[in-house]
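First comes the structure, then the notes that go with it.
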Amino acid sequence: MKVAKFGGSSVASAEQIKKVAAIVSEDSERKIVVVSAPGKRDSSDTKVTDLLIHLGETYLSNGEVELALQAVVERYASIAEGLGLGGSIIATIEADLRERLTFDRNRSGSFMDLIKASGEDNNAKLIASYLQSVGLPAKYVNPKDAGLLVSDEPGNAQVLPEAYDHLKELRNTDEIIVFPGFFGYSKEGTLVTFPRGGSDITGSILAAGVEADLYENFTDVDSVFAANPNVVSEPVKIKKMTYREMRELSYAGFSVFHDEALIPAFRKGIPVCVKNTNNPSSSGTMIIAEREYFLNPVIGIAADEGFSTIYVRKYLMNREVGFGRRLLQIIEDEGLSYEHIPSGIDDTSVILRQCQLTPEIEERIVERIRMELGADDVYIEKDFAMIMIVGEGMHNTVGVSARMTAALARANVNIEMINQGSSEVSLVIGIHEKDTDRAVRELYAEFFGAAVEVVQ
Ligand SMILES: Nc1ncnc2c1ncn2[C@@H]1O[C@H](COP(=O)(O)OP(=O)(O)O)[C@@H](O)[C@H]1O
Ligand SMILES: N[C@@H](CC(=O)OP(=O)(O)O)C(=O)O
């Protein structure tokens with residue numbers, strides 16, 4: 001049995017959904033189909049999830065719904081028309097949206113989740129109807145009925161262990177199950193969504209639950225590439241990579257697959273294949289436990305922006321037992337998660353994602369570090385990028401960092417931080433955001449050959 005997940009770009013229009021039907025019908029092992037909400041039809045388009053966020057936020061701020069609601073309904077109407085489905089399905093979708101809008105607005109997190117999740121939920125119903133209309137034995141299955149239990153953290157759900165036992169039942173299906181991605185239900189019955197891009201997570205959880213032979217993740221590129229194709233033109237295709245290589249690269253910026261989506265499949269040893277809905281005969285990228293060794297120690301180079309550094313200096317910090325713990329306690333008290341803590345003798349820095357900080361939080365942190373830890377100097381710097389170089393072969397290859405620093409020197413990029421050795425398969429460098437693309441291209445050229453800039 002295979003679980004096939006189709007991302008937003010694969011279900012963005014009637015034309016795309018017809019390709020999905022063809023892919024599903026050509027392999028009888030594709031018994032569970034996980035779908036996202038309609039994504040972008042071209043680069044200037046808006047994803048239905050973003051239309052829904054706009055709808056929910058407008059309603060919360062001023063009670064207005066009509067314009068934003070019609071924008072969502074029109075997207076589904078054009079899809080239904082292109083698929084030759086009757087108008088009643090659109091009336092049902094509109095009624096569903098209006099009913100969701102009657103939910104308690106005071107619980108704004110749960111309210112927003114309910115609105116956002118309608119994108120996947122209504123699309124799954126629509127796609128199930130279409131598959132039936134072309135003669136495929138398909139049925140929509142709701143995550144609540146299937147027992148996809150998650151933690152009650154709006155917008156940030158995590159699967160609960162007992163969900164897997166419930167989902168196992170889906171194995172016993174004669175029909176093709178069409179399952180909406182992106183959300184589950186808490187034990188109390190509240191709908192909760194995963195983080196953005198979370199339909200990949202649903203697919204992986206289902207694949208683990210039914211112990212699938214393969215989890216296929218259909219998207220709009222032929223494979224995972226060694227670098228972001230929006231930065232490096234025609235980067236090399238990765239044919240095979242390990243779970244931990246993909247986990248690191250997706251965490252560090254390869255948006256093609258959600259970083260949290262690897263763990264369920266990895267724990268059950270289910271291979272993951274990233275494939276292209278627009279070119280399904282291309283073999284794609286296989287993500288597996290182990291791969292054969294290649295001459296190149298590096299498999300991919302990822303970059304992500306939006307990091308801040310809290311820099312702390314105190315004379316004789318090295319002799320002060322508990323300094324690090326007390327510093328991290330202040331960060332924890334503010335509910336912040338951090339990424340790296342490079343340290344010197346009298347200095348340390350905490351690197352974290354900038355989106356977590358507000359001017360008030362920054363002021364409190366700086367003040368507490370100064371007062372409670374007696375620091376001589378504390379300040380926050382912004383707009384850093386983290387570049388990650390990843391490869392299973394790196395830890396026993398001499399000279400990878402030397403090649404990396406030489407490449408960055410050639411590109412005239414200043415290195416603010418290096419973190420090597422924490423992970424066996426990766427090396428992280430912090431640089432200024434303004435240098436990100438130039439650094440990625442020069443590193444790509446160093447490890448994979450000439451890099452050509454993408455002209456937007
Ligand atoms: N290293 C990479 N390899 C492949 N695609 C990448 C990489 N880094 C970023 N991407 C981007 O990820 C996109 C696919 O992810 P996404 O838009 O989330 O797809 P979907 O609509 O299928 O969920 C590609 O179109 C590509 O622009
Ligand atoms: N539709 C949701 C969930 C998702 O996974 O979408 P996509 O498959 O388009 O990345 C989002 O946009 O976040």
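For the structure tokens, the naming scheme is as follows: chains receive sequential letters (A, B, ...) according to their order of presentation, residues are indexed from 1 within each chain, and ligands are indexed from 1 in presentation order.
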
TODO: Kindly compile the residues surrounding ligand 1 within 6 Å, counting only C-alpha atoms and all ligand atoms, and format them as JSON, numbers by chain.
DONE: {"A": [7, 8, 9, 39, 219, 220, 221, 223, 224, 225, 226, 227, 228, 229, 230, 254, 255, 256]}

Open item on the list: Taking 5 positions as the minimum chain separation for residues in the same chain, which residues sit within 10 Å of Lys275 (chain A) when counting only C-alpha atoms? Answer as a ChimeraX atom specification.
Closed with: /A:4-6,216-224,280-286

Residues of the last selection are to be written out with N, CA and C atoms, as an mmCIF file, in the first residue's frame.
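Result file out-v4.cif:
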```cif
data_model
loop_
_atom_site.group_PDB
_atom_site.id
_atom_site.type_symbol
_atom_site.label_atom_id
_atom_site.label_comp_id
_atom_site.auth_asym_id
_atom_site.auth_seq_id
_atom_site.Cartn_x
_atom_site.Cartn_y
_atom_site.Cartn_z
ATOM 1 N N ALA A 4 -0.098 8.608 -0.982
ATOM 2 C CA ALA A 4 0.355 9.651 -1.920
ATOM 3 C C ALA A 4 -0.180 10.997 -1.455
ATOM 4 N N LYS A 5 0.729 11.924 -1.176
ATOM 5 C CA LYS A 5 0.306 13.271 -0.767
ATOM 6 C C LYS A 5 0.493 14.227 -1.937
ATOM 7 N N PHE A 6 -0.528 15.004 -2.218
ATOM 8 C CA PHE A 6 -0.452 15.985 -3.306
ATOM 9 C C PHE A 6 -0.477 17.392 -2.706
ATOM 10 N N GLU A 216 4.640 8.654 -0.956
ATOM 11 C CA GLU A 216 4.969 9.482 -2.117
ATOM 12 C C GLU A 216 4.501 10.914 -1.868
ATOM 13 N N ASN A 217 5.409 11.857 -2.058
ATOM 14 C CA ASN A 217 5.080 13.256 -1.843
ATOM 15 C C ASN A 217 5.151 13.974 -3.184
ATOM 16 N N PHE A 218 3.966 14.213 -3.773
ATOM 17 C CA PHE A 218 3.910 14.815 -5.113
ATOM 18 C C PHE A 218 3.907 16.338 -5.016
ATOM 19 N N THR A 219 4.816 16.964 -5.780
ATOM 20 C CA THR A 219 4.932 18.418 -5.741
ATOM 21 C C THR A 219 5.108 18.953 -7.166
ATOM 22 N N ASP A 220 5.787 20.095 -7.339
ATOM 23 C CA ASP A 220 5.885 20.674 -8.689
ATOM 24 C C ASP A 220 7.310 20.699 -9.220
ATOM 25 N N VAL A 221 8.203 19.926 -8.604
ATOM 26 C CA VAL A 221 9.575 19.822 -9.131
ATOM 27 C C VAL A 221 9.935 18.343 -9.275
ATOM 28 N N ASP A 222 10.881 18.058 -10.188
ATOM 29 C CA ASP A 222 11.226 16.668 -10.493
ATOM 30 C C ASP A 222 11.896 15.943 -9.343
ATOM 31 N N SER A 223 12.507 16.715 -8.434
ATOM 32 C CA SER A 223 13.213 16.061 -7.330
ATOM 33 C C SER A 223 13.582 17.117 -6.302
ATOM 34 N N VAL A 224 14.188 16.649 -5.230
ATOM 35 C CA VAL A 224 14.856 17.582 -4.322
ATOM 36 C C VAL A 224 16.186 17.905 -5.015
ATOM 37 N N PRO A 280 5.213 12.727 -13.771
ATOM 38 C CA PRO A 280 5.254 11.592 -12.820
ATOM 39 C C PRO A 280 6.194 10.470 -13.235
ATOM 40 N N SER A 281 6.598 10.426 -14.505
ATOM 41 C CA SER A 281 7.485 9.328 -14.906
ATOM 42 C C SER A 281 8.928 9.563 -14.454
ATOM 43 N N SER A 282 9.231 10.791 -14.062
ATOM 44 C CA SER A 282 10.577 11.064 -13.536
ATOM 45 C C SER A 282 10.698 10.381 -12.168
ATOM 46 N N SER A 283 11.880 9.778 -11.906
ATOM 47 C CA SER A 283 11.970 8.903 -10.720
ATOM 48 C C SER A 283 11.938 9.648 -9.390
ATOM 49 N N GLY A 284 12.229 10.945 -9.373
ATOM 50 C CA GLY A 284 12.132 11.707 -8.133
ATOM 51 C C GLY A 284 13.298 11.464 -7.194
ATOM 52 N N THR A 285 13.105 11.827 -5.934
ATOM 53 C CA THR A 285 14.148 11.646 -4.914
ATOM 54 C C THR A 285 13.675 10.629 -3.887
ATOM 55 N N MET A 286 14.492 9.617 -3.618
ATOM 56 C CA MET A 286 14.155 8.633 -2.577
ATOM 57 C C MET A 286 14.846 9.045 -1.276
#
```

TODO: Residues within 8 Å of ligand 2 should be enumerated using only C-alpha atoms and all ligand atoms and returned as a PyMOL selection string.
DONE: chain A and resi 6-9+35-40+47-50+116-117+119-120+181-182+194-201+219+256

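Our summary of the geometry notes that CA of Ile205 (chain A) is positioned 5.5 Å from CA of Pro264 (chain A).
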
Check region 260-455 of chain A with DSSP on the backbone and list each residue it calls strand (DSSP E or B), as a tab-separated table (two decimals) with N, CA and C atoms, in the first residue's frame.
```tsv
chain	number	residue	atom	x	y	z
A	272	VAL	N	10.48	7.46	1.65
A	272	VAL	CA	9.71	8.61	1.16
A	272	VAL	C	10.23	8.94	-0.24
A	273	CYS	N	9.30	9.22	-1.16
A	273	CYS	CA	9.73	9.57	-2.52
A	273	CYS	C	9.10	10.91	-2.90
A	274	VAL	N	9.94	11.89	-3.22
A	274	VAL	CA	9.44	13.20	-3.66
A	274	VAL	C	9.33	13.15	-5.18
A	275	LYS	N	8.13	13.38	-5.71
A	275	LYS	CA	7.90	13.24	-7.16
A	275	LYS	C	7.15	14.44	-7.71
A	276	ASN	N	7.14	14.53	-9.04
A	276	ASN	CA	6.52	15.68	-9.71
A	276	ASN	C	5.17	15.29	-10.33
A	285	THR	N	13.11	11.83	-5.93
A	285	THR	CA	14.15	11.65	-4.91
A	285	THR	C	13.68	10.63	-3.89
A	286	MET	N	14.49	9.62	-3.62
A	286	MET	CA	14.15	8.63	-2.58
A	286	MET	C	14.85	9.05	-1.28
A	287	ILE	N	14.06	9.04	-0.19
A	287	ILE	CA	14.63	9.36	1.13
A	287	ILE	C	14.55	8.08	1.96
A	288	ILE	N	15.70	7.60	2.37
A	288	ILE	CA	15.81	6.28	2.99
A	288	ILE	C	16.77	6.33	4.18
A	300	GLY	N	23.78	18.64	-0.11
A	300	GLY	CA	22.94	19.82	-0.34
A	300	GLY	C	23.38	21.01	0.47
A	301	ILE	N	22.94	22.19	0.00
A	301	ILE	CA	23.27	23.45	0.68
A	301	ILE	C	21.97	24.23	0.84
A	302	ALA	N	21.57	24.48	2.09
A	302	ALA	CA	20.31	25.18	2.33
A	302	ALA	C	20.58	26.49	3.05
A	303	ALA	N	19.65	27.42	2.90
A	303	ALA	CA	19.82	28.71	3.58
A	303	ALA	C	18.47	29.20	4.09
A	304	ASP	N	18.52	29.84	5.24
A	304	ASP	CA	17.30	30.40	5.80
A	304	ASP	C	17.63	31.75	6.44
A	305	GLU	N	16.68	32.67	6.32
A	305	GLU	CA	16.96	34.02	6.83
A	305	GLU	C	16.08	34.34	8.04
A	306	GLY	N	16.32	35.50	8.65
A	306	GLY	CA	15.47	35.95	9.76
A	306	GLY	C	15.95	35.50	11.12
A	307	PHE	N	17.25	35.59	11.37
A	307	PHE	CA	17.79	35.20	12.68
A	307	PHE	C	18.36	36.41	13.39
A	308	SER	N	18.26	36.38	14.72
A	308	SER	CA	18.87	37.42	15.56
A	308	SER	C	19.88	36.77	16.49
A	309	THR	N	20.85	37.58	16.94
A	309	THR	CA	21.84	37.10	17.90
A	309	THR	C	21.78	37.95	19.16
A	310	ILE	N	21.68	37.28	20.31
A	310	ILE	CA	21.79	38.00	21.58
A	310	ILE	C	23.25	37.81	22.03
A	311	TYR	N	23.98	38.86	21.97
A	311	TYR	CA	25.41	38.78	22.29
A	311	TYR	C	25.63	39.18	23.75
A	312	VAL	N	26.38	38.36	24.51
A	312	VAL	CA	26.61	38.62	25.94
A	312	VAL	C	28.11	38.52	26.23
A	313	ARG	N	28.66	39.55	26.92
A	313	ARG	CA	30.09	39.48	27.32
A	313	ARG	C	30.21	39.76	28.81
A	338	TYR	N	15.70	28.53	20.95
A	338	TYR	CA	16.92	29.03	20.31
A	338	TYR	C	17.47	27.99	19.34
A	339	GLU	N	18.36	28.44	18.47
A	339	GLU	CA	18.91	27.56	17.42
A	339	GLU	C	20.35	27.14	17.72
A	340	HIS	N	21.21	28.10	18.11
A	340	HIS	CA	22.63	27.81	18.34
A	340	HIS	C	23.13	28.66	19.49
A	343	SER	N	30.08	29.84	21.74
A	343	SER	CA	30.65	30.46	22.94
A	343	SER	C	32.14	30.69	22.80
A	347	ASP	N	32.67	35.42	26.27
A	347	ASP	CA	31.51	35.83	25.45
A	347	ASP	C	30.68	34.60	25.07
A	348	THR	N	29.42	34.86	24.89
A	348	THR	CA	28.54	33.82	24.32
A	348	THR	C	27.44	34.51	23.52
A	349	SER	N	26.89	33.80	22.55
A	349	SER	CA	25.79	34.36	21.77
A	349	SER	C	24.67	33.34	21.72
A	350	VAL	N	23.45	33.84	21.73
A	350	VAL	CA	22.31	32.94	21.55
A	350	VAL	C	21.64	33.35	20.24
A	351	ILE	N	21.57	32.39	19.32
A	351	ILE	CA	20.97	32.70	18.02
A	351	ILE	C	19.56	32.14	17.99
A	352	LEU	N	18.61	32.98	17.64
A	352	LEU	CA	17.21	32.53	17.59
A	352	LEU	C	16.47	33.17	16.42
A	353	ARG	N	15.28	32.62	16.18
A	353	ARG	CA	14.49	33.15	15.05
A	353	ARG	C	13.88	34.50	15.44
A	377	ASP	N	28.40	43.54	28.85
A	377	ASP	CA	27.87	44.06	27.59
A	377	ASP	C	26.79	43.10	27.07
A	378	VAL	N	25.68	43.61	26.67
A	378	VAL	CA	24.60	42.79	26.08
A	378	VAL	C	23.97	43.58	24.95
A	379	TYR	N	23.85	42.97	23.79
A	379	TYR	CA	23.09	43.65	22.73
A	379	TYR	C	22.54	42.61	21.75
A	380	ILE	N	21.55	43.04	20.98
A	380	ILE	CA	20.91	42.13	20.01
A	380	ILE	C	21.20	42.63	18.60
A	381	GLU	N	21.66	41.72	17.75
A	381	GLU	CA	21.88	42.07	16.35
A	381	GLU	C	20.90	41.27	15.49
A	382	LYS	N	20.47	41.88	14.39
A	382	LYS	CA	19.41	41.25	13.58
A	382	LYS	C	19.86	40.95	12.15
A	383	ASP	N	18.93	40.30	11.43
A	383	ASP	CA	19.07	40.08	9.99
A	383	ASP	C	20.25	39.18	9.60
A	384	PHE	N	20.35	38.07	10.33
A	384	PHE	CA	21.34	37.08	9.96
A	384	PHE	C	20.69	35.94	9.18
A	385	ALA	N	21.52	35.28	8.37
A	385	ALA	CA	21.06	34.06	7.67
A	385	ALA	C	21.91	32.90	8.17
A	386	MET	N	21.32	31.72	8.20
A	386	MET	CA	22.07	30.51	8.54
A	386	MET	C	22.17	29.67	7.27
A	387	ILE	N	23.38	29.30	6.94
A	387	ILE	CA	23.57	28.42	5.77
A	387	ILE	C	24.00	27.07	6.29
A	388	MET	N	23.38	26.01	5.79
A	388	MET	CA	23.72	24.68	6.25
A	388	MET	C	24.26	23.85	5.08
A	389	ILE	N	25.41	23.26	5.31
A	389	ILE	CA	26.00	22.35	4.32
A	389	ILE	C	25.82	20.95	4.89
A	390	VAL	N	25.22	20.07	4.10
A	390	VAL	CA	24.81	18.76	4.65
A	390	VAL	C	25.34	17.61	3.80
A	417	MET	N	29.54	33.32	12.30
A	417	MET	CA	29.48	32.21	13.25
A	417	MET	C	29.66	30.89	12.50
A	418	ILE	N	30.36	29.95	13.12
A	418	ILE	CA	30.44	28.60	12.54
A	418	ILE	C	30.07	27.61	13.62
A	419	ASN	N	29.23	26.64	13.29
A	419	ASN	CA	28.87	25.57	14.23
A	419	ASN	C	29.12	24.24	13.53
A	420	GLN	N	30.21	23.60	13.95
A	420	GLN	CA	30.55	22.33	13.30
A	420	GLN	C	30.73	21.29	14.39
A	426	SER	N	26.15	17.77	9.34
A	426	SER	CA	25.99	19.14	8.85
A	426	SER	C	26.96	20.12	9.48
A	427	LEU	N	27.06	21.24	8.83
A	427	LEU	CA	27.92	22.32	9.27
A	427	LEU	C	27.12	23.60	9.02
A	428	VAL	N	27.06	24.46	10.04
A	428	VAL	CA	26.23	25.66	9.91
A	428	VAL	C	27.10	26.90	9.98
A	429	ILE	N	26.82	27.86	9.10
A	429	ILE	CA	27.52	29.14	9.23
A	429	ILE	C	26.49	30.26	9.28
A	430	GLY	N	26.80	31.26	10.09
A	430	GLY	CA	25.94	32.44	10.18
A	430	GLY	C	26.59	33.55	9.39
A	431	ILE	N	25.79	34.20	8.53
A	431	ILE	CA	26.31	35.33	7.74
A	431	ILE	C	25.25	36.43	7.75
A	432	HIS	N	25.58	37.56	7.16
A	432	HIS	CA	24.57	38.61	7.06
A	432	HIS	C	23.59	38.30	5.93
A	452	VAL	N	24.76	28.97	-11.72
A	452	VAL	CA	24.21	30.07	-12.52
A	452	VAL	C	23.10	30.75	-11.72
A	453	GLU	N	23.14	32.06	-11.69
A	453	GLU	CA	22.15	32.83	-10.94
A	453	GLU	C	20.78	32.70	-11.59
```

Open item on the list: So that I can check the surroundings of region 328-337 of chain A, please list as JSON, numbers by chain every protein, DNA and RNA residue that reaches within 7 Å of it, counting only C-alpha atoms and ignoring chain neighbours fewer than 3 positions away.
Closed with: {"A": [324, 325, 352, 356, 365]}

Dump N, CA and C atoms for the selected residues as a CSV table (one decimal), in the first residue's frame?
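As written to disk, result_6.csv reads:
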```csv
chain,number,residue,atom,x,y,z
A,324,GLY,N,25.6,29.7,31.8
A,324,GLY,CA,24.9,29.3,30.7
A,324,GLY,C,23.4,28.9,31.0
A,325,ARG,N,23.3,28.2,32.1
A,325,ARG,CA,22.0,27.7,32.5
A,325,ARG,C,21.1,29.0,32.9
A,352,LEU,N,18.6,33.0,17.6
A,352,LEU,CA,17.2,32.5,17.6
A,352,LEU,C,16.5,33.2,16.4
A,356,GLN,N,10.3,35.6,16.7
A,356,GLN,CA,9.8,35.4,18.1
A,356,GLN,C,9.9,36.7,18.9
A,365,ILE,N,14.7,41.1,27.9
A,365,ILE,CA,15.9,40.2,28.0
A,365,ILE,C,17.2,40.9,28.3
```

TODO: Have a look at A:Thr102, A:Asp121, A:Glu74, A:Ile32 and name the one nearest to Asn172 (chain A); count only C-alpha atoms.
DONE: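 For Asn172 (chain A), the nearest of the given residues is A:Ile32.
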
Task: Distance query Val72 (chain A) at most 12 Å, only C-alpha atoms, self and fewer than 6 positions along chain excluded, as a ChimeraX atom specification - done: /A:37-39,46-56,65-66,78-79,90,93-94,96-98,115-116,118-119,122-123

TODO: Work out how far apart CA of Phe179 (chain A) and CA of Leu126 (chain A) are and give it in Å to one decimal.
DONE: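 Going from CA of Phe179 (chain A) over to CA of Leu126 (chain A), I get 11.1 Å.
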
Enumerate, as an mmCIF file with C-alpha atoms, in the first residue's frame, the complete set of residues in region 192-266 of chain A that a backbone-based DSSP assignment places in helix (DSSP H, G or I).
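Listing of result-v3.cif after writing:
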```cif
data_model
loop_
_atom_site.group_PDB
_atom_site.id
_atom_site.type_symbol
_atom_site.label_atom_id
_atom_site.label_comp_id
_atom_site.auth_asym_id
_atom_site.auth_seq_id
_atom_site.Cartn_x
_atom_site.Cartn_y
_atom_site.Cartn_z
ATOM 1 C CA SER A 199 -0.015 18.443 4.875
ATOM 2 C CA ASP A 200 3.377 16.777 4.400
ATOM 3 C CA ILE A 201 3.159 15.860 8.108
ATOM 4 C CA THR A 202 -0.325 14.349 7.711
ATOM 5 C CA GLY A 203 0.923 12.184 4.838
ATOM 6 C CA SER A 204 3.840 10.903 6.864
ATOM 7 C CA ILE A 205 1.656 10.146 9.902
ATOM 8 C CA LEU A 206 -0.784 8.188 7.730
ATOM 9 C CA ALA A 207 2.050 6.305 6.038
ATOM 10 C CA ALA A 208 3.387 5.346 9.480
ATOM 11 C CA GLY A 209 -0.111 4.470 10.754
ATOM 12 C CA TYR A 243 16.268 10.802 6.479
ATOM 13 C CA ARG A 244 18.710 12.840 8.540
ATOM 14 C CA GLU A 245 20.106 14.643 5.488
ATOM 15 C CA MET A 246 16.564 15.626 4.456
ATOM 16 C CA ARG A 247 15.567 16.553 8.002
ATOM 17 C CA GLU A 248 18.533 18.929 8.307
ATOM 18 C CA LEU A 249 18.099 20.427 4.838
ATOM 19 C CA SER A 250 14.360 20.957 5.197
ATOM 20 C CA TYR A 251 14.827 22.523 8.632
ATOM 21 C CA ASP A 259 11.099 19.182 8.316
ATOM 22 C CA GLU A 260 8.661 17.694 10.843
ATOM 23 C CA ALA A 261 7.296 15.311 8.223
ATOM 24 C CA LEU A 262 10.302 12.990 8.241
ATOM 25 C CA ILE A 263 10.028 11.669 11.779
ATOM 26 C CA PRO A 264 6.870 9.491 11.533
ATOM 27 C CA ALA A 265 8.078 7.818 8.324
ATOM 28 C CA PHE A 266 11.623 7.475 9.687
#
```

TODO: One decimal, Å: what's the distance from CA of Arg438 (chain A) over to CA of Asp45 (chain A), could you say?
DONE: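 Straight-line distance from CA of Arg438 (chain A) to CA of Asp45 (chain A) works out to 27.6 Å.
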
- [ ] Give me the residues within 12 Å of Gly86 (chain A) as number ranges by chain, counting only C-alpha atoms and dropping any in the same chain fewer than 3 places off.
- [x] A: 76-83, 89-92, 126, 129-130, 133
